[in-house]
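Colleague: Contents of target.cif (mmCIF, C-alpha atoms and all ligand atoms) are given next:
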```cif
data_model
loop_
_atom_site.label_atom_id
_atom_site.label_comp_id
_atom_site.auth_asym_id
_atom_site.auth_seq_id
_atom_site.Cartn_x
_atom_site.Cartn_y
_atom_site.Cartn_z
CA MET U 1 31.08 -31.53 49.35
CA THR U 2 31.05 -31.67 53.14
CA LYS U 3 27.62 -31.61 54.76
CA THR U 4 26.82 -30.90 58.39
CA LEU U 5 24.40 -32.80 60.60
CA LEU U 6 23.48 -31.48 64.05
CA LEU U 7 22.45 -34.17 66.52
CA LEU U 8 20.00 -33.10 69.23
CA SER U 9 19.53 -36.37 71.08
CA GLY U 10 17.39 -34.92 73.89
CA ASP U 11 15.88 -37.01 76.66
CA GLY U 12 14.87 -40.53 77.68
CA ILE U 13 15.48 -42.98 74.85
CA GLY U 14 16.47 -40.07 72.56
CA PRO U 15 20.22 -40.43 73.22
CA GLU U 16 19.99 -44.25 73.08
CA VAL U 17 18.45 -44.38 69.60
CA THR U 18 20.41 -41.41 68.23
CA ALA U 19 23.68 -43.14 69.17
CA GLN U 20 22.80 -45.92 66.70
CA SER U 21 22.17 -43.38 63.92
CA GLU U 22 25.53 -41.82 64.74
CA ARG U 23 27.18 -45.22 64.20
CA ILE U 24 25.50 -45.46 60.79
CA VAL U 25 26.73 -41.99 59.78
CA ALA U 26 30.28 -42.98 60.75
CA ALA U 27 30.05 -46.28 58.85
CA LEU U 28 28.82 -44.53 55.69
CA ASP U 29 32.04 -42.49 55.70
CA ALA U 30 30.39 -39.96 53.37
CA GLY U 31 32.05 -36.78 54.59
CA ILE U 32 29.11 -35.84 56.81
CA VAL U 33 30.37 -33.81 59.75
CA THR U 34 28.29 -34.28 62.90
CA SER U 35 28.06 -32.03 65.94
CA THR U 36 25.95 -32.33 69.07
CA ALA U 37 24.11 -29.85 71.29
CA ARG U 38 21.98 -29.93 74.43
CA PHE U 39 18.24 -29.82 73.84
CA GLY U 40 14.98 -30.48 75.65
CA GLY U 41 15.06 -31.51 79.30
CA ALA U 42 18.83 -31.88 79.04
CA GLY U 43 18.93 -28.21 77.99
CA ILE U 44 16.67 -27.15 80.86
CA ASP U 45 18.91 -28.91 83.39
CA ALA U 46 22.10 -27.32 82.05
CA ASP U 47 21.00 -23.96 80.65
CA GLY U 48 17.60 -23.29 82.22
CA VAL U 49 15.80 -23.43 78.86
CA PRO U 50 15.06 -26.30 76.44
CA LEU U 51 16.42 -24.44 73.41
CA THR U 52 18.99 -21.66 73.64
CA ASP U 53 19.36 -19.03 70.91
CA ALA U 54 22.82 -20.46 70.22
CA VAL U 55 21.48 -23.96 69.61
CA LEU U 56 18.70 -22.64 67.35
CA ALA U 57 21.33 -20.70 65.38
CA GLU U 58 23.42 -23.87 65.06
CA ALA U 59 20.35 -25.76 63.81
CA LYS U 60 19.64 -23.13 61.17
CA ALA U 61 23.26 -23.14 60.04
CA ALA U 62 23.47 -26.94 59.64
CA ASP U 63 22.41 -28.83 56.51
CA ALA U 64 20.17 -31.07 58.59
CA VAL U 65 19.19 -31.69 62.20
CA LEU U 66 18.52 -35.15 63.65
CA MET U 67 16.46 -34.94 66.85
CA GLY U 68 16.02 -37.86 69.27
CA ALA U 69 13.09 -37.23 71.61
CA VAL U 70 12.23 -34.81 74.38
CA GLY U 71 10.26 -34.81 77.60
CA GLY U 72 9.82 -36.86 80.73
CA PRO U 73 8.12 -36.86 84.11
CA GLN U 74 10.94 -34.89 85.77
CA TRP U 75 10.01 -31.77 83.77
CA SER U 76 6.24 -32.17 83.56
CA GLY U 77 5.53 -29.90 86.55
CA GLN U 78 7.12 -26.90 84.80
CA PRO U 79 5.12 -24.07 83.19
CA TYR U 80 4.65 -24.72 79.46
CA ASP U 81 7.36 -22.36 78.26
CA LYS U 82 9.89 -24.19 80.46
CA ARG U 83 9.04 -27.68 79.24
CA PRO U 84 11.16 -29.79 76.89
CA GLU U 85 8.22 -30.00 74.47
CA ALA U 86 8.16 -26.18 74.18
CA GLY U 87 11.76 -26.37 72.98
CA LEU U 88 10.73 -28.74 70.20
CA LEU U 89 7.90 -26.45 69.11
CA ALA U 90 10.31 -23.48 69.17
CA LEU U 91 12.83 -25.44 67.11
CA ARG U 92 10.21 -26.36 64.49
CA ALA U 93 8.93 -22.77 64.33
CA GLY U 94 12.44 -21.28 64.39
CA MET U 95 13.56 -23.50 61.52
CA ASN U 96 10.25 -22.79 59.74
CA VAL U 97 9.82 -26.47 58.90
CA TYR U 98 6.10 -26.34 58.23
CA ALA U 99 5.63 -29.63 56.36
CA ASN U 100 6.10 -32.84 58.32
CA LEU U 101 6.38 -36.00 56.21
CA ARG U 102 5.55 -39.11 58.21
CA PRO U 103 5.67 -42.27 56.09
CA ALA U 104 3.93 -45.35 57.47
CA ARG U 105 5.14 -48.37 55.51
CA CYS U 106 4.57 -51.94 56.51
CA PHE U 107 7.74 -53.99 55.98
CA ALA U 108 6.91 -57.39 54.48
CA SER U 109 8.51 -59.31 57.34
CA LEU U 110 6.50 -57.37 59.91
CA ALA U 111 3.00 -57.88 58.52
CA ASP U 112 2.24 -60.17 61.46
CA ALA U 113 3.57 -57.66 64.02
CA SER U 114 0.68 -55.30 63.33
CA SER U 115 -2.34 -55.26 65.61
CA LEU U 116 -4.45 -55.60 62.45
CA LYS U 117 -4.80 -58.71 60.31
CA ARG U 118 -1.97 -59.34 57.82
CA GLU U 119 -4.19 -58.86 54.75
CA LEU U 120 -5.17 -55.38 55.91
CA VAL U 121 -1.60 -54.11 56.28
CA GLU U 122 0.56 -56.13 53.87
CA GLY U 123 2.08 -53.67 51.38
CA LEU U 124 0.74 -50.65 53.26
CA ASP U 125 2.45 -47.40 52.26
CA ILE U 126 0.84 -44.21 53.56
CA LEU U 127 2.49 -40.80 53.66
CA PHE U 128 1.17 -38.29 56.15
CA VAL U 129 1.82 -34.67 55.30
CA ARG U 130 1.24 -32.95 58.62
CA GLU U 131 1.22 -29.17 58.99
CA LEU U 132 3.82 -28.54 61.71
CA THR U 133 4.17 -24.88 62.66
CA GLY U 134 0.57 -23.69 63.00
CA GLY U 135 -2.86 -24.71 64.24
CA VAL U 136 -3.87 -25.19 67.84
CA TYR U 137 -0.26 -25.85 68.94
CA PHE U 138 0.66 -22.25 68.16
CA GLY U 139 -2.59 -20.22 68.12
CA ASN U 140 -3.23 -17.25 70.40
CA PRO U 141 -4.74 -16.55 72.85
CA ARG U 142 -3.54 -19.44 74.99
CA GLY U 143 -3.05 -19.97 78.69
CA ILE U 144 -4.80 -20.78 81.95
CA GLU U 145 -7.01 -18.02 83.31
CA ASP U 146 -8.11 -17.70 86.91
CA LEU U 147 -11.86 -17.03 86.90
CA GLY U 148 -12.10 -16.67 90.69
CA GLY U 149 -14.04 -18.83 93.12
CA GLY U 150 -11.81 -21.81 92.38
CA GLU U 151 -12.73 -21.83 88.68
CA ARG U 152 -10.08 -21.73 85.96
CA ARG U 153 -10.21 -21.75 82.17
CA GLY U 154 -7.67 -23.41 79.88
CA VAL U 155 -7.52 -21.73 76.48
CA ASN U 156 -5.96 -22.72 73.17
CA THR U 157 -6.79 -21.35 69.76
CA HIS U 158 -7.09 -23.39 66.59
CA SER U 159 -6.31 -21.03 63.76
CA TYR U 160 -4.90 -21.23 60.23
CA THR U 161 -4.27 -18.63 57.56
CA SER U 162 -4.81 -19.45 53.91
CA GLY U 163 -1.06 -19.04 53.33
CA GLU U 164 -0.23 -21.63 56.00
CA ILE U 165 -2.70 -24.08 54.47
CA ARG U 166 -1.60 -23.56 50.88
CA ARG U 167 2.12 -23.99 51.48
CA VAL U 168 1.71 -27.38 53.17
CA ALA U 169 -0.93 -28.49 50.66
CA ARG U 170 1.53 -27.65 47.88
CA VAL U 171 4.07 -30.04 49.43
CA ALA U 172 1.46 -32.82 49.44
CA PHE U 173 0.44 -32.16 45.82
CA GLU U 174 4.06 -32.08 44.65
CA LEU U 175 4.77 -35.41 46.39
CA ALA U 176 1.61 -36.94 44.91
CA ALA U 177 3.17 -36.81 41.45
CA GLY U 178 5.84 -39.32 42.52
CA ARG U 179 3.27 -41.62 44.10
CA SER U 180 -0.26 -42.67 43.09
CA GLY U 181 -1.47 -39.10 42.56
CA ARG U 182 -4.07 -39.39 45.32
CA VAL U 183 -4.34 -37.02 48.28
CA CYS U 184 -6.91 -37.27 51.06
CA SER U 185 -7.26 -34.10 53.13
CA ALA U 186 -8.50 -34.64 56.70
CA GLU U 187 -10.08 -31.90 58.82
CA LYS U 188 -13.21 -31.05 60.79
CA SER U 189 -14.85 -28.63 58.38
CA ASN U 190 -18.21 -29.65 59.80
CA VAL U 191 -17.58 -27.96 63.15
CA MET U 192 -14.66 -25.53 62.89
CA GLU U 193 -14.06 -22.48 60.69
CA ALA U 194 -10.34 -23.26 60.55
CA GLY U 195 -11.31 -26.69 59.18
CA LEU U 196 -13.66 -25.20 56.61
CA LEU U 197 -10.97 -22.78 55.43
CA TRP U 198 -8.59 -25.73 55.25
CA ARG U 199 -10.95 -27.65 52.95
CA GLU U 200 -11.65 -24.62 50.73
CA GLU U 201 -8.00 -23.61 50.33
CA VAL U 202 -6.80 -27.15 49.63
CA GLN U 203 -9.51 -27.61 46.99
CA ALA U 204 -8.81 -24.19 45.41
CA LEU U 205 -5.07 -24.88 45.12
CA ARG U 206 -5.76 -28.28 43.57
CA ASP U 207 -8.19 -26.79 41.04
CA ALA U 208 -5.88 -23.92 40.10
CA GLU U 209 -2.50 -25.67 39.93
CA TYR U 210 -2.74 -29.44 40.38
CA PRO U 211 -5.68 -30.64 38.23
CA HIS U 212 -4.10 -34.09 37.87
CA VAL U 213 -4.13 -34.76 41.61
CA GLU U 214 -7.08 -36.88 42.72
CA LEU U 215 -8.14 -34.98 45.85
CA SER U 216 -10.66 -36.22 48.38
CA HIS U 217 -11.77 -34.73 51.69
CA MET U 218 -12.56 -36.72 54.82
CA LEU U 219 -13.59 -35.65 58.31
CA ALA U 220 -10.76 -36.42 60.71
CA ASP U 221 -12.83 -38.65 63.01
CA ASN U 222 -13.88 -40.79 60.07
CA THR U 223 -10.24 -40.85 58.91
CA ALA U 224 -9.23 -42.34 62.28
CA MET U 225 -11.85 -45.06 61.81
CA GLN U 226 -11.03 -45.73 58.14
CA LEU U 227 -7.33 -46.11 59.06
CA VAL U 228 -8.09 -49.22 61.06
CA LYS U 229 -10.94 -50.43 58.82
CA TYR U 230 -9.17 -50.42 55.46
CA PRO U 231 -5.87 -48.50 55.64
CA LYS U 232 -4.77 -49.40 52.10
CA GLN U 233 -7.41 -47.00 50.69
CA PHE U 234 -4.99 -44.15 51.57
CA ASP U 235 -1.91 -42.90 49.80
CA ILE U 236 -1.12 -39.34 50.98
CA ILE U 237 -3.06 -37.98 53.96
CA LEU U 238 -2.77 -34.20 54.25
CA THR U 239 -3.81 -32.85 57.62
CA ASP U 240 -3.26 -30.24 60.30
CA ASN U 241 -0.83 -30.22 63.21
CA LEU U 242 -3.00 -31.86 65.89
CA PHE U 243 -4.82 -34.40 63.71
CA GLY U 244 -1.51 -35.30 62.05
CA ASP U 245 0.04 -36.01 65.44
CA ILE U 246 -2.78 -38.32 66.47
CA LEU U 247 -3.37 -40.10 63.16
CA SER U 248 0.34 -40.83 62.64
CA ASP U 249 0.67 -42.52 66.05
CA GLU U 250 -2.41 -44.57 65.14
CA ALA U 251 -0.84 -45.52 61.81
CA ALA U 252 2.36 -46.61 63.57
CA MET U 253 0.53 -49.63 64.98
CA LEU U 254 -0.54 -50.63 61.47
CA THR U 255 3.15 -51.12 60.70
CA GLY U 256 3.99 -53.03 63.88
CA SER U 257 5.46 -50.50 66.31
CA LEU U 258 5.80 -46.81 67.12
CA GLY U 259 9.54 -47.51 67.24
CA LEU U 260 9.64 -47.84 63.44
CA LEU U 261 8.25 -44.58 62.12
CA PRO U 262 10.57 -41.77 61.00
CA SER U 263 9.75 -38.23 59.96
CA ALA U 264 11.13 -35.33 57.98
CA ALA U 265 10.15 -31.73 58.62
CA ILE U 266 10.92 -29.46 55.72
CA GLY U 267 10.39 -25.82 54.82
CA GLU U 268 11.46 -23.61 51.95
CA ALA U 269 13.96 -24.99 49.42
CA GLY U 270 17.55 -24.53 50.50
CA THR U 271 16.78 -24.42 54.23
CA PRO U 272 17.78 -27.26 56.60
CA GLY U 273 15.32 -30.02 57.45
CA LEU U 274 14.53 -31.40 60.90
CA TYR U 275 14.44 -35.19 61.15
CA GLU U 276 12.95 -37.08 64.08
CA PRO U 277 11.34 -40.37 65.01
CA ILE U 278 7.62 -39.83 65.60
CA HIS U 279 7.87 -41.52 69.01
CA GLY U 280 8.66 -39.76 72.27
CA SER U 281 11.19 -40.21 75.05
CA ALA U 282 9.49 -43.41 76.31
CA PRO U 283 10.13 -42.88 80.04
CA ASP U 284 8.80 -46.39 80.72
CA ILE U 285 11.79 -48.02 78.99
CA ALA U 286 14.43 -45.25 79.08
CA GLY U 287 17.84 -46.24 80.38
CA GLN U 288 17.31 -49.95 79.74
CA GLY U 289 18.94 -50.12 76.31
CA VAL U 290 15.89 -51.82 74.78
CA ALA U 291 14.38 -49.08 72.60
CA ASN U 292 13.98 -49.74 68.90
CA PRO U 293 16.45 -47.51 66.98
CA CYS U 294 14.80 -48.09 63.56
CA ALA U 295 12.72 -44.88 63.63
CA SER U 296 15.84 -42.82 64.29
CA ILE U 297 17.90 -44.64 61.64
CA LEU U 298 15.09 -44.28 59.09
CA SER U 299 14.88 -40.57 59.98
CA LEU U 300 18.58 -40.33 59.21
CA ALA U 301 17.80 -41.94 55.84
CA MET U 302 15.21 -39.22 55.20
CA ALA U 303 17.86 -36.59 56.06
CA LEU U 304 20.23 -38.17 53.54
CA ARG U 305 17.47 -38.01 50.92
CA TYR U 306 15.99 -34.55 51.51
CA SER U 307 18.79 -32.43 53.04
CA LEU U 308 22.18 -34.08 52.60
CA GLY U 309 22.05 -34.68 48.86
CA ARG U 310 22.61 -38.45 49.14
CA PRO U 311 19.44 -40.29 48.06
CA ASP U 312 21.71 -43.22 47.15
CA LEU U 313 22.80 -43.59 50.78
CA ALA U 314 19.22 -43.11 51.97
CA THR U 315 18.20 -46.13 49.91
CA ARG U 316 21.17 -48.08 51.25
CA VAL U 317 20.27 -47.35 54.88
CA GLU U 318 16.59 -48.22 54.31
CA ALA U 319 17.59 -51.47 52.60
CA ALA U 320 19.86 -52.37 55.54
CA VAL U 321 17.01 -51.82 58.02
CA GLU U 322 14.67 -53.93 55.91
CA ALA U 323 17.29 -56.68 55.50
CA ALA U 324 17.88 -56.80 59.26
CA LEU U 325 14.12 -57.13 59.85
CA ASP U 326 13.86 -59.77 57.10
CA ALA U 327 16.62 -61.72 58.86
CA GLY U 328 14.51 -61.74 62.03
CA ALA U 329 16.24 -59.00 64.02
CA ARG U 330 13.64 -57.80 66.54
CA THR U 331 13.70 -55.46 69.51
CA ARG U 332 11.28 -56.01 72.38
CA ASP U 333 8.50 -53.81 70.95
CA LEU U 334 8.43 -56.20 67.97
CA GLY U 335 8.31 -59.27 70.17
CA GLY U 336 12.07 -59.93 70.06
CA THR U 337 14.91 -59.88 72.53
CA LEU U 338 17.51 -57.63 70.89
CA GLY U 339 18.71 -54.51 72.69
CA THR U 340 19.09 -51.11 71.03
CA ALA U 341 22.78 -51.61 70.22
CA ASP U 342 22.21 -55.20 69.01
CA MET U 343 19.64 -53.88 66.56
CA GLY U 344 22.19 -51.24 65.52
CA ASP U 345 24.71 -54.07 64.98
CA ALA U 346 22.22 -56.04 62.86
CA ILE U 347 21.61 -53.02 60.63
CA LEU U 348 25.29 -52.04 60.39
CA ALA U 349 26.15 -55.59 59.35
CA ARG U 350 23.82 -55.22 56.33
CA LEU U 351 24.86 -51.74 55.30
P1 LIG D 1 6.16 -42.23 73.73
O1 LIG D 1 6.15 -42.20 72.25
O2 LIG D 1 7.38 -41.74 74.41
O3 LIG D 1 5.86 -43.72 74.21
C1 LIG D 1 4.64 -44.41 73.94
C2 LIG D 1 4.85 -45.92 74.10
O4 LIG D 1 5.61 -46.39 72.99
C3 LIG D 1 5.63 -46.30 75.34
O5 LIG D 1 5.13 -47.52 75.85
C4 LIG D 1 7.04 -46.50 74.84
O6 LIG D 1 7.83 -47.39 75.58
C5 LIG D 1 6.81 -47.02 73.41
N1 LIG D 1 7.91 -46.60 72.52
C6 LIG D 1 8.12 -45.36 72.02
N2 LIG D 1 9.22 -45.35 71.25
C7 LIG D 1 9.73 -46.59 71.28
C8 LIG D 1 10.88 -47.20 70.69
N3 LIG D 1 11.73 -46.52 69.92
N4 LIG D 1 11.11 -48.51 70.95
C9 LIG D 1 10.26 -49.21 71.72
N5 LIG D 1 9.16 -48.70 72.29
C10 LIG D 1 8.89 -47.40 72.09
O7 LIG D 1 4.89 -41.40 74.21
P2 LIG D 1 4.44 -40.95 75.69
O8 LIG D 1 4.79 -42.01 76.66
O9 LIG D 1 3.06 -40.53 75.55
O10 LIG D 1 5.31 -39.65 75.98
C11 LIG D 1 6.50 -39.67 76.77
C12 LIG D 1 7.17 -38.31 76.69
O11 LIG D 1 7.67 -38.10 75.35
C13 LIG D 1 6.26 -37.12 76.98
O12 LIG D 1 7.00 -36.19 77.71
C14 LIG D 1 5.92 -36.58 75.60
O13 LIG D 1 5.65 -35.20 75.59
C15 LIG D 1 7.20 -36.85 74.87
N6 LIG D 1 7.07 -36.97 73.41
C16 LIG D 1 8.07 -36.45 72.68
C17 LIG D 1 8.08 -36.60 71.32
C18 LIG D 1 9.20 -36.03 70.55
O14 LIG D 1 10.22 -35.70 71.12
N7 LIG D 1 9.11 -35.91 69.24
C19 LIG D 1 7.07 -37.33 70.70
C20 LIG D 1 6.05 -37.88 71.49
C21 LIG D 1 6.06 -37.70 72.85
C1 LIG D 2 5.46 -35.59 68.03
C2 LIG D 2 5.25 -35.20 69.48
C3 LIG D 2 5.24 -33.71 69.62
C4 LIG D 2 4.01 -33.18 68.87
C5 LIG D 2 5.27 -33.12 71.03
C6 LIG D 2 6.34 -33.72 71.88
C7 LIG D 2 5.45 -31.63 70.98
O1 LIG D 2 4.10 -35.80 69.97
O2 LIG D 2 6.45 -35.16 67.45
O3 LIG D 2 4.68 -36.36 67.49
O4 LIG D 2 2.90 -33.22 69.41
O5 LIG D 2 4.20 -32.70 67.76
MN MN D 3 3.22 -37.30 68.62
#
```
Could you spell out this file's structure in structure tokens?
Ligand code: NAD
Ligand code: IPM
Ligand code: MN
Modeller:
Amino acid sequence: MTKTLLLLSGDGIGPEVTAQSERIVAALDAGIVTSTARFGGAGIDADGVPLTDAVLAEAKAADAVLMGAVGGPQWSGQPYDKRPEAGLLALRAGMNVYANLRPARCFASLADASSLKRELVEGLDILFVRELTGGVYFGNPRGIEDLGGGERRGVNTHSYTSGEIRRVARVAFELAAGRSGRVCSAEKSNVMEAGLLWREEVQALRDAEYPHVELSHMLADNTAMQLVKYPKQFDIILTDNLFGDILSDEAAMLTGSLGLLPSAAIGEAGTPGLYEPIHGSAPDIAGQGVANPCASILSLAMALRYSLGRPDLATRVEAAVEAALDAGARTRDLGGTLGTADMGDAILARL
């Protein structure tokens, strides 16, 4: 059956890395029909907004969406609702993809590329389950208030409902069954009510429906420290939107580079998933053709697995990436000299 994949390549290195994923889709020749649309800063420049209603409708009608990256200095002076990043938040909320899976695996041939010692990261395989459509990114009230006399107040609200916590926790518990059965939930229940509710709801769901899951709780600051002290203690880390953002970038360096980590954002069964590298638009290297396309290609693999009904092809794409790395293919972020398209070539050759 034909499946549809919408490509939203976005800004900066987004189009450069997404182009390599597009080559992989074509080479797989699996009847996946791709389309493209403007998004992010590219959308602002052409349409005045980062995400039009038409593009959101297209995203919701597709089987899967592969996003590149958004943002850049040219749009950073805009009010928040006119920024590329606001388009990404609106896309996530509009697609209702509340569970963000961010795997951090250390490929055997890259154990020396990590900033940690080889023995700490060899064989590392952590899965972050990050809540993606709630928390301080979306809470109200928000804004900048003028207090008079030159004083201003910036306001954001960290809030979660029990329903929002339970639905993402359920995703983590379901995934635990296919892994080691261990879930560590990270929050700040010691200082924030939303964190305390998080801990209570996660524990209650585990006790009521997932008694076989080995659940632990850890304060998020300690989690950040433990991730660099002894990362292999973790299997699944379940956490909120903001902590998940920060901890997954931290974990990227355990695996060698931010340019390697993919993600899948999923919602209710039968609805399309949103797939994206965890990295951003990398303005410092954009336009040079040197970005690592692995995170995008591995995100495509996650789309094949979770939304496009082709877990067999997902495994094939992941194996090709690993084989290219095993053969020594390295972009600059991994200490090599290959350009983005050369890395694409190396992966395509092993597909
Ligand atoms: P970034 O992730 O864009 O870059 C951080 C560092 O990692 C940079 O040195 C960059 O060169 C490097 N890097 C990132 N991806 C790489 C890749 N594939 N290959 C090689 N090196 C790579 O983060 P930033 O610089 O803090 O943010 C830049 C812009 O991107 C901001 O506007 C931010 O809002 C946006 N952003 C977007 C997303 C997204 O679209 N999902 C994610 C993060 C940041
Ligand atoms: C990410 C990014 C986004 C986030 C931004 C660009 C909205 O950092 O996907 O990790 O904070 O979620
Ligand atoms: Mn991030």
Colleague: Between U:Ser35, U:Ser180, U:Gln78, U:Gln226, which has the minimum distance to ligand LIG 1 (chain D) (counting all atoms listed in the file)?
Modeller: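 Looking at the shortest contact to ligand LIG 1 (chain D), the residue is U:Gln78.
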Colleague: Residues near Glu145 of chain U, anyone? I mean within 8 Å using only C-alpha atoms, not counting same-chain ones fewer than 3 positions away, as a PDB file with C-alpha atoms, in the coordinates of the input.
Modeller:
```
ATOM      1  CA  ARG U 152     -10.080 -21.730  85.960  1.00  0.00           C
ATOM      2  CA  ARG U 153     -10.210 -21.750  82.170  1.00  0.00           C
ATOM      3  CA  GLY U 154      -7.670 -23.410  79.880  1.00  0.00           C
ATOM      4  CA  VAL U 155      -7.520 -21.730  76.480  1.00  0.00           C
TER       5      VAL U 155
END
```
Colleague: Mind listing as JSON, numbers by chain all residues within 8 Å of (3.2, -29.3, 51.8), counting all atoms listed in the file?
Modeller: {"U": [98, 99, 100, 129, 130, 131, 166, 167, 168, 169, 170, 171, 172, 173, 174]}
Colleague: Could you give me, as an NGL selection string, every polymer residue with an atom at most 9 Å away from an atom of ligand LIG 2 (chain D), counting all atoms listed in the file?
Modeller: :U and (69-71 or 84-89 or 132 or 137 or 241-242 or 244-246 or 248-249 or 263 or 276-281)
Colleague: From the options U:Met225, U:Leu247, U:Ala349, U:Leu101, which residue's atoms come nearest to ligand MN 3 (chain D), counting only C-alpha atoms and all ligand atoms?
Modeller: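 Once distances to ligand MN 3 (chain D) are computed over only C-alpha atoms and all ligand atoms, the minimum belongs to U:Leu247.
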Colleague: Quick one: of U:Thr255, U:Thr2, U:Gln74, U:Asn140, who's nearest to ligand LIG 1 (chain D), counting only C-alpha atoms and all ligand atoms?
Modeller: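 Going through U:Thr255, U:Thr2, U:Gln74, U:Asn140 one by one, the smallest distance to ligand LIG 1 (chain D) is for U:Gln74.
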Colleague: If the limit is 9 Å from any atom of ligand LIG 1 (chain D), counting only C-alpha atoms and all ligand atoms, which residues qualify? Return them as number ranges by chain.
Modeller: U: 10-14, 17, 40, 67-73, 75-76, 83-85, 88, 245, 249, 257-261, 276-286, 290-296, 331-334, 340
Colleague: Can you take the partial segment 261-279 of chain U, add N, CA and C atoms, and return it as an mmCIF file, in the frame of the given file?
Modeller:
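Saved result, result_37.cif, follows:
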```cif
data_model
loop_
_atom_site.group_PDB
_atom_site.id
_atom_site.type_symbol
_atom_site.label_atom_id
_atom_site.label_comp_id
_atom_site.auth_asym_id
_atom_site.auth_seq_id
_atom_site.Cartn_x
_atom_site.Cartn_y
_atom_site.Cartn_z
ATOM 1 N N LEU U 261 8.627 -45.649 63.053
ATOM 2 C CA LEU U 261 8.250 -44.580 62.120
ATOM 3 C C LEU U 261 9.117 -43.330 62.206
ATOM 4 N N PRO U 262 9.714 -42.955 61.066
ATOM 5 C CA PRO U 262 10.570 -41.770 61.000
ATOM 6 C C PRO U 262 9.760 -40.558 60.564
ATOM 7 N N SER U 263 10.391 -39.393 60.568
ATOM 8 C CA SER U 263 9.750 -38.230 59.960
ATOM 9 C C SER U 263 10.785 -37.241 59.461
ATOM 10 N N ALA U 264 10.325 -36.426 58.524
ATOM 11 C CA ALA U 264 11.130 -35.330 57.980
ATOM 12 C C ALA U 264 10.299 -34.080 58.060
ATOM 13 N N ALA U 265 10.857 -33.018 58.622
ATOM 14 C CA ALA U 265 10.150 -31.730 58.620
ATOM 15 C C ALA U 265 10.929 -30.787 57.726
ATOM 16 N N ILE U 266 10.237 -30.295 56.713
ATOM 17 C CA ILE U 266 10.920 -29.460 55.720
ATOM 18 C C ILE U 266 10.199 -28.127 55.547
ATOM 19 N N GLY U 267 10.954 -27.149 55.067
ATOM 20 C CA GLY U 267 10.390 -25.820 54.820
ATOM 21 C C GLY U 267 10.725 -25.380 53.418
ATOM 22 N N GLU U 268 11.146 -24.120 53.284
ATOM 23 C CA GLU U 268 11.460 -23.610 51.950
ATOM 24 C C GLU U 268 12.712 -24.280 51.396
ATOM 25 N N ALA U 269 12.803 -24.367 50.069
ATOM 26 C CA ALA U 269 13.960 -24.990 49.420
ATOM 27 C C ALA U 269 15.238 -24.302 49.872
ATOM 28 N N GLY U 270 16.258 -25.097 50.120
ATOM 29 C CA GLY U 270 17.550 -24.530 50.500
ATOM 30 C C GLY U 270 17.709 -24.309 52.004
ATOM 31 N N THR U 271 16.645 -24.548 52.773
ATOM 32 C CA THR U 271 16.780 -24.420 54.230
ATOM 33 C C THR U 271 16.898 -25.822 54.847
ATOM 34 N N PRO U 272 17.556 -25.929 56.017
ATOM 35 C CA PRO U 272 17.780 -27.260 56.600
ATOM 36 C C PRO U 272 16.475 -27.931 57.038
ATOM 37 N N GLY U 273 16.467 -29.251 56.979
ATOM 38 C CA GLY U 273 15.320 -30.020 57.450
ATOM 39 C C GLY U 273 15.572 -30.535 58.853
ATOM 40 N N LEU U 274 14.466 -30.836 59.539
ATOM 41 C CA LEU U 274 14.530 -31.400 60.900
ATOM 42 C C LEU U 274 13.975 -32.822 60.832
ATOM 43 N N TYR U 275 14.779 -33.771 61.285
ATOM 44 C CA TYR U 275 14.440 -35.190 61.150
ATOM 45 C C TYR U 275 14.281 -35.792 62.537
ATOM 46 N N GLU U 276 13.201 -36.510 62.752
ATOM 47 C CA GLU U 276 12.950 -37.080 64.080
ATOM 48 C C GLU U 276 12.052 -38.302 63.990
ATOM 49 N N PRO U 277 12.305 -39.277 64.872
ATOM 50 C CA PRO U 277 11.340 -40.370 65.010
ATOM 51 C C PRO U 277 10.006 -39.760 65.434
ATOM 52 N N ILE U 278 8.885 -40.426 65.140
ATOM 53 C CA ILE U 278 7.620 -39.830 65.600
ATOM 54 C C ILE U 278 7.337 -40.182 67.063
ATOM 55 N N HIS U 279 8.101 -41.136 67.605
ATOM 56 C CA HIS U 279 7.870 -41.520 69.010
ATOM 57 C C HIS U 279 8.480 -40.497 69.967
#
```
